[in-house]
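> So here's coords26.pdb, just PDB, C-alpha atoms:
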```pdb
ATOM      1  CA  VAL A   1     226.789  77.561-122.891  1.00  0.00           C
ATOM      2  CA  GLN A   2     226.520  77.564-119.091  1.00  0.00           C
ATOM      3  CA  ALA A   3     229.856  79.362-118.694  1.00  0.00           C
ATOM      4  CA  GLU A   4     228.809  81.916-121.298  1.00  0.00           C
ATOM      5  CA  ALA A   5     225.524  82.534-119.485  1.00  0.00           C
ATOM      6  CA  SER A   6     227.394  82.974-116.213  1.00  0.00           C
ATOM      7  CA  GLU A   7     229.818  85.401-117.851  1.00  0.00           C
ATOM      8  CA  GLN A   8     226.935  87.432-119.284  1.00  0.00           C
ATOM      9  CA  GLN A   9     225.288  87.426-115.875  1.00  0.00           C
ATOM     10  CA  GLU A  10     228.445  88.836-114.285  1.00  0.00           C
ATOM     11  CA  LYS A  11     228.736  91.547-116.974  1.00  0.00           C
ATOM     12  CA  ARG A  12     225.062  92.390-116.532  1.00  0.00           C
ATOM     13  CA  GLU A  13     225.583  92.828-112.785  1.00  0.00           C
ATOM     14  CA  VAL A  14     228.665  95.018-113.339  1.00  0.00           C
ATOM     15  CA  ASN A  15     226.663  97.122-115.820  1.00  0.00           C
ATOM     16  CA  PHE A  16     223.789  97.438-113.328  1.00  0.00           C
ATOM     17  CA  LYS A  17     226.117  98.719-110.610  1.00  0.00           C
ATOM     18  CA  ALA A  18     227.841 101.097-113.041  1.00  0.00           C
ATOM     19  CA  ALA A  19     224.483 102.485-114.228  1.00  0.00           C
ATOM     20  CA  ASP A  20     223.313 103.046-110.629  1.00  0.00           C
ATOM     21  CA  ALA A  21     224.694 106.591-110.580  1.00  0.00           C
ATOM     22  CA  ASN A  22     223.422 107.501-107.108  1.00  0.00           C
ATOM     23  CA  GLY A  23     224.280 104.107-105.599  1.00  0.00           C
ATOM     24  CA  ASP A  24     220.825 103.471-104.129  1.00  0.00           C
ATOM     25  CA  GLY A  25     220.598  99.904-105.454  1.00  0.00           C
ATOM     26  CA  SER A  26     217.906 100.640-108.003  1.00  0.00           C
ATOM     27  CA  LEU A  27     217.737 102.266-111.413  1.00  0.00           C
ATOM     28  CA  ASP A  28     215.511 105.161-112.387  1.00  0.00           C
ATOM     29  CA  PRO A  29     214.528 105.432-116.071  1.00  0.00           C
ATOM     30  CA  ALA A  30     217.682 107.383-117.045  1.00  0.00           C
ATOM     31  CA  GLU A  31     219.946 104.935-115.194  1.00  0.00           C
ATOM     32  CA  PHE A  32     218.016 102.023-116.751  1.00  0.00           C
ATOM     33  CA  GLN A  33     218.711 103.448-120.218  1.00  0.00           C
ATOM     34  CA  ALA A  34     222.444 103.568-119.392  1.00  0.00           C
ATOM     35  CA  PHE A  35     222.190  99.943-118.176  1.00  0.00           C
ATOM     36  CA  ILE A  36     220.512  98.835-121.415  1.00  0.00           C
ATOM     37  CA  ASN A  37     223.098 100.693-123.512  1.00  0.00           C
ATOM     38  CA  ALA A  38     225.971  99.060-121.605  1.00  0.00           C
ATOM     39  CA  ASN A  39     224.381  95.631-122.076  1.00  0.00           C
ATOM     40  CA  ALA A  40     223.855  96.362-125.774  1.00  0.00           C
ATOM     41  CA  ASP A  41     227.531  97.306-126.103  1.00  0.00           C
ATOM     42  CA  ASP A  42     228.409  93.970-124.444  1.00  0.00           C
ATOM     43  CA  ASN A  43     225.935  92.106-126.702  1.00  0.00           C
ATOM     44  CA  ILE A  44     223.939  90.802-123.730  1.00  0.00           C
ATOM     45  CA  GLY A  45     220.412  89.509-124.102  1.00  0.00           C
ATOM     46  CA  HIS A  46     217.851  91.607-125.931  1.00  0.00           C
ATOM     47  CA  ALA A  47     219.471  94.921-124.964  1.00  0.00           C
ATOM     48  CA  ALA A  48     220.647  95.722-128.507  1.00  0.00           C
ATOM     49  CA  LYS A  49     217.090  95.303-129.786  1.00  0.00           C
ATOM     50  CA  VAL A  50     215.700  97.565-127.035  1.00  0.00           C
ATOM     51  CA  LYS A  51     218.354 100.165-127.884  1.00  0.00           C
ATOM     52  CA  ARG A  52     217.832  99.913-131.652  1.00  0.00           C
ATOM     53  CA  PHE A  53     214.080 100.464-131.337  1.00  0.00           C
ATOM     54  CA  GLY A  54     214.364 103.018-128.533  1.00  0.00           C
ATOM     55  CA  ALA A  55     212.035 100.826-126.464  1.00  0.00           C
ATOM     56  CA  TYR A  56     213.562 101.833-123.117  1.00  0.00           C
ATOM     57  CA  ASP A  57     210.238 102.925-121.595  1.00  0.00           C
ATOM     58  CA  ARG A  58     208.477  99.723-122.606  1.00  0.00           C
ATOM     59  CA  ALA A  59     211.319  97.572-121.267  1.00  0.00           C
ATOM     60  CA  PHE A  60     211.390  99.600-118.037  1.00  0.00           C
ATOM     61  CA  GLU A  61     207.633  99.161-117.522  1.00  0.00           C
ATOM     62  CA  LYS A  62     207.931  95.395-118.082  1.00  0.00           C
ATOM     63  CA  VAL A  63     210.696  95.081-115.489  1.00  0.00           C
ATOM     64  CA  ASP A  64     209.273  97.513-112.879  1.00  0.00           C
ATOM     65  CA  ASN A  65     207.039  94.865-111.261  1.00  0.00           C
ATOM     66  CA  ASP A  66     205.980  96.960-108.283  1.00  0.00           C
ATOM     67  CA  LYS A  67     205.473 100.102-110.434  1.00  0.00           C
ATOM     68  CA  SER A  68     207.701 102.095-108.063  1.00  0.00           C
ATOM     69  CA  GLY A  69     209.364 104.090-110.840  1.00  0.00           C
ATOM     70  CA  THR A  70     212.689 102.351-110.206  1.00  0.00           C
ATOM     71  CA  VAL A  71     213.944  98.845-110.905  1.00  0.00           C
ATOM     72  CA  THR A  72     216.005  96.758-108.519  1.00  0.00           C
ATOM     73  CA  TRP A  73     218.478  94.028-109.416  1.00  0.00           C
ATOM     74  CA  LEU A  74     215.851  91.475-108.308  1.00  0.00           C
ATOM     75  CA  GLU A  75     213.287  92.979-110.698  1.00  0.00           C
ATOM     76  CA  VAL A  76     215.846  92.832-113.526  1.00  0.00           C
ATOM     77  CA  MET A  77     216.501  89.151-112.736  1.00  0.00           C
ATOM     78  CA  GLU A  78     212.763  88.376-112.555  1.00  0.00           C
ATOM     79  CA  GLY A  79     212.231  90.189-115.855  1.00  0.00           C
ATOM     80  CA  LEU A  80     214.945  88.132-117.514  1.00  0.00           C
ATOM     81  CA  ALA A  81     213.476  84.891-116.166  1.00  0.00           C
ATOM     82  CA  ALA A  82     210.050  85.850-117.512  1.00  0.00           C
ATOM     83  CA  ALA A  83     211.527  86.714-120.921  1.00  0.00           C
ATOM     84  CA  ASN A  84     213.168  83.293-121.341  1.00  0.00           C
TER      85      ASN A  84
END
```
Before anything else, please render the file you have as structure tokens.

Amino acid sequence: VQAEASEQQEKREVNFKAADANGDGSLDPAEFQAFINANADDNIGHAAKVKRFGAYDRAFEKVDNDKSGTVTWLEVMEGLAAAN
């Protein structure tokens, strides 16, 4: 289970970097949607459920702790910790 979690974590990080189209280290709502879709395709976490229900905005708001309009990798990690 630990190895699987680590593998998912690595995929999630790769997906984050791939979704960060402008390379600024954070995701705007459109980039976040691409990140969720990539995670859903990789069957990571709750991403498939977010995608199925089109709940991108709600998920984004939950993760955007500082309400900056973008989410950083740290915010994604904090959001995952809070969800578990």
> To verify the selection step, state as a list in words which residues the PyMOL selection byres ((chain A and resi 13-28) around 9) yields on this input.
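Checked against the file, the PyMOL selection byres ((chain A and resi 13-28) around 9) matches Gln8, Gln9, Glu10, Lys11, Arg12, Pro29, Ala30, Glu31, Phe32, Gln33, Ala34, Phe35, Ile36, Ala38, Asn39, Phe60, Gly69, Thr70, Val71, Thr72 and Trp73 of chain A.
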> Would you work out the distance separating atom CA of A:Val1 from atom CA of A:Val63, expressed in Å to one decimal?
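Interatomic distance, atom CA of A:Val1 to atom CA of A:Val63: 24.9 Å.
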> What's the 10 Å shell around A:Val50, counting all atoms listed in the file, without same-chain residues fewer than 6 positions away, as a list in words?
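Contacts, in chain order: Gln33, Ile36, Asn37, Ala40, Tyr56, Asp57, Arg58 and Ala59 of chain A.
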> If I take atom CA of A:Gly54 and atom CA of A:Asp41, how far is one from the other in Å, to one decimal?
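Going from atom CA of A:Gly54 over to atom CA of A:Asp41, I get 14.6 Å.
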> In Å, rounded to a single decimal, give me how far atom CA of A:Lys62 is from atom CA of A:Gln2.
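Distance reported for this atom pair: 25.8 Å.
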> Starting from the block above, write chain A out to a file with C-alpha atoms, as an mmCIF file, in the first residue's frame, please.

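Ended up saving to out.cif:
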```
data_model
loop_
_atom_site.group_PDB
_atom_site.id
_atom_site.type_symbol
_atom_site.label_atom_id
_atom_site.label_comp_id
_atom_site.auth_asym_id
_atom_site.auth_seq_id
_atom_site.Cartn_x
_atom_site.Cartn_y
_atom_site.Cartn_z
ATOM 1 C CA VAL A 1 0.000 0.000 0.000
ATOM 2 C CA GLN A 2 2.842 2.391 0.851
ATOM 3 C CA ALA A 3 4.567 1.789 -2.492
ATOM 4 C CA GLU A 4 1.278 2.327 -4.306
ATOM 5 C CA ALA A 5 0.705 5.603 -2.460
ATOM 6 C CA SER A 6 4.219 6.732 -3.341
ATOM 7 C CA GLU A 7 3.669 5.810 -6.989
ATOM 8 C CA GLN A 8 0.406 7.767 -7.069
ATOM 9 C CA GLN A 9 2.169 10.698 -5.446
ATOM 10 C CA GLU A 10 4.832 10.675 -8.164
ATOM 11 C CA LYS A 11 2.186 10.500 -10.926
ATOM 12 C CA ARG A 12 0.258 13.318 -9.269
ATOM 13 C CA GLU A 13 3.390 15.484 -9.243
ATOM 14 C CA VAL A 14 4.124 14.694 -12.908
ATOM 15 C CA ASN A 15 0.510 15.581 -13.771
ATOM 16 C CA PHE A 16 0.780 18.849 -11.819
ATOM 17 C CA LYS A 17 3.901 19.881 -13.729
ATOM 18 C CA ALA A 18 2.346 18.859 -17.056
ATOM 19 C CA ALA A 19 -0.826 20.856 -16.308
ATOM 20 C CA ASP A 20 1.209 23.959 -15.378
ATOM 21 C CA ALA A 21 1.118 25.266 -18.950
ATOM 22 C CA ASN A 22 2.907 28.554 -18.251
ATOM 23 C CA GLY A 23 5.443 26.991 -15.871
ATOM 24 C CA ASP A 24 4.825 29.432 -13.015
ATOM 25 C CA GLY A 25 4.564 26.712 -10.358
ATOM 26 C CA SER A 26 0.858 27.153 -9.757
ATOM 27 C CA LEU A 27 -2.337 26.184 -11.532
ATOM 28 C CA ASP A 28 -5.091 28.543 -12.598
ATOM 29 C CA PRO A 29 -8.613 27.085 -12.881
ATOM 30 C CA ALA A 30 -8.109 25.867 -16.481
ATOM 31 C CA GLU A 31 -4.756 24.263 -15.625
ATOM 32 C CA PHE A 32 -6.323 22.743 -12.484
ATOM 33 C CA GLN A 33 -9.027 21.137 -14.638
ATOM 34 C CA ALA A 34 -6.313 19.592 -16.847
ATOM 35 C CA PHE A 35 -4.574 18.348 -13.667
ATOM 36 C CA ILE A 36 -7.784 16.743 -12.380
ATOM 37 C CA ASN A 37 -8.458 15.131 -15.768
ATOM 38 C CA ALA A 38 -4.929 13.688 -15.902
ATOM 39 C CA ASN A 39 -5.317 12.317 -12.371
ATOM 40 C CA ALA A 40 -8.711 10.861 -13.289
ATOM 41 C CA ASP A 41 -7.149 9.145 -16.310
ATOM 42 C CA ASP A 42 -4.499 7.692 -13.961
ATOM 43 C CA ASN A 43 -7.189 6.674 -11.428
ATOM 44 C CA ILE A 44 -5.636 8.791 -8.666
ATOM 45 C CA GLY A 45 -7.578 9.808 -5.593
ATOM 46 C CA HIS A 46 -10.990 11.390 -5.994
ATOM 47 C CA ALA A 47 -10.164 12.969 -9.366
ATOM 48 C CA ALA A 48 -12.499 10.686 -11.343
ATOM 49 C CA LYS A 49 -15.395 11.693 -9.092
ATOM 50 C CA VAL A 50 -14.585 15.407 -9.498
ATOM 51 C CA LYS A 51 -14.428 14.921 -13.275
ATOM 52 C CA ARG A 52 -17.624 12.850 -13.448
ATOM 53 C CA PHE A 53 -19.622 15.468 -11.540
ATOM 54 C CA GLY A 54 -17.905 18.440 -13.178
ATOM 55 C CA ALA A 55 -17.023 19.698 -9.693
ATOM 56 C CA TYR A 56 -13.787 21.393 -10.791
ATOM 57 C CA ASP A 57 -14.731 24.793 -9.342
ATOM 58 C CA ARG A 58 -15.698 23.333 -5.979
ATOM 59 C CA ALA A 59 -12.501 21.273 -5.796
ATOM 60 C CA PHE A 60 -10.434 24.311 -6.822
ATOM 61 C CA GLU A 61 -12.024 26.475 -4.107
ATOM 62 C CA LYS A 62 -11.337 23.793 -1.477
ATOM 63 C CA VAL A 63 -7.664 23.580 -2.441
ATOM 64 C CA ASP A 64 -7.027 27.328 -2.984
ATOM 65 C CA ASN A 65 -6.330 28.004 0.714
ATOM 66 C CA ASP A 66 -5.113 31.568 0.278
ATOM 67 C CA LYS A 67 -7.893 32.410 -2.236
ATOM 68 C CA SER A 68 -5.283 33.708 -4.699
ATOM 69 C CA GLY A 69 -7.047 32.293 -7.757
ATOM 70 C CA THR A 70 -4.239 29.785 -8.315
ATOM 71 C CA VAL A 71 -3.192 26.635 -6.491
ATOM 72 C CA THR A 72 0.376 25.668 -5.693
ATOM 73 C CA TRP A 73 1.752 22.164 -5.246
ATOM 74 C CA LEU A 74 1.803 22.815 -1.475
ATOM 75 C CA GLU A 75 -1.901 23.723 -1.516
ATOM 76 C CA VAL A 76 -2.656 20.533 -3.470
ATOM 77 C CA MET A 77 -0.728 18.494 -0.876
ATOM 78 C CA GLU A 78 -2.484 20.256 2.025
ATOM 79 C CA GLY A 79 -5.844 19.664 0.346
ATOM 80 C CA LEU A 80 -5.103 15.966 -0.012
ATOM 81 C CA ALA A 81 -4.039 15.707 3.632
ATOM 82 C CA ALA A 82 -7.265 17.400 4.725
ATOM 83 C CA ALA A 83 -9.343 15.062 2.541
ATOM 84 C CA ASN A 84 -7.880 11.906 4.115
#
```
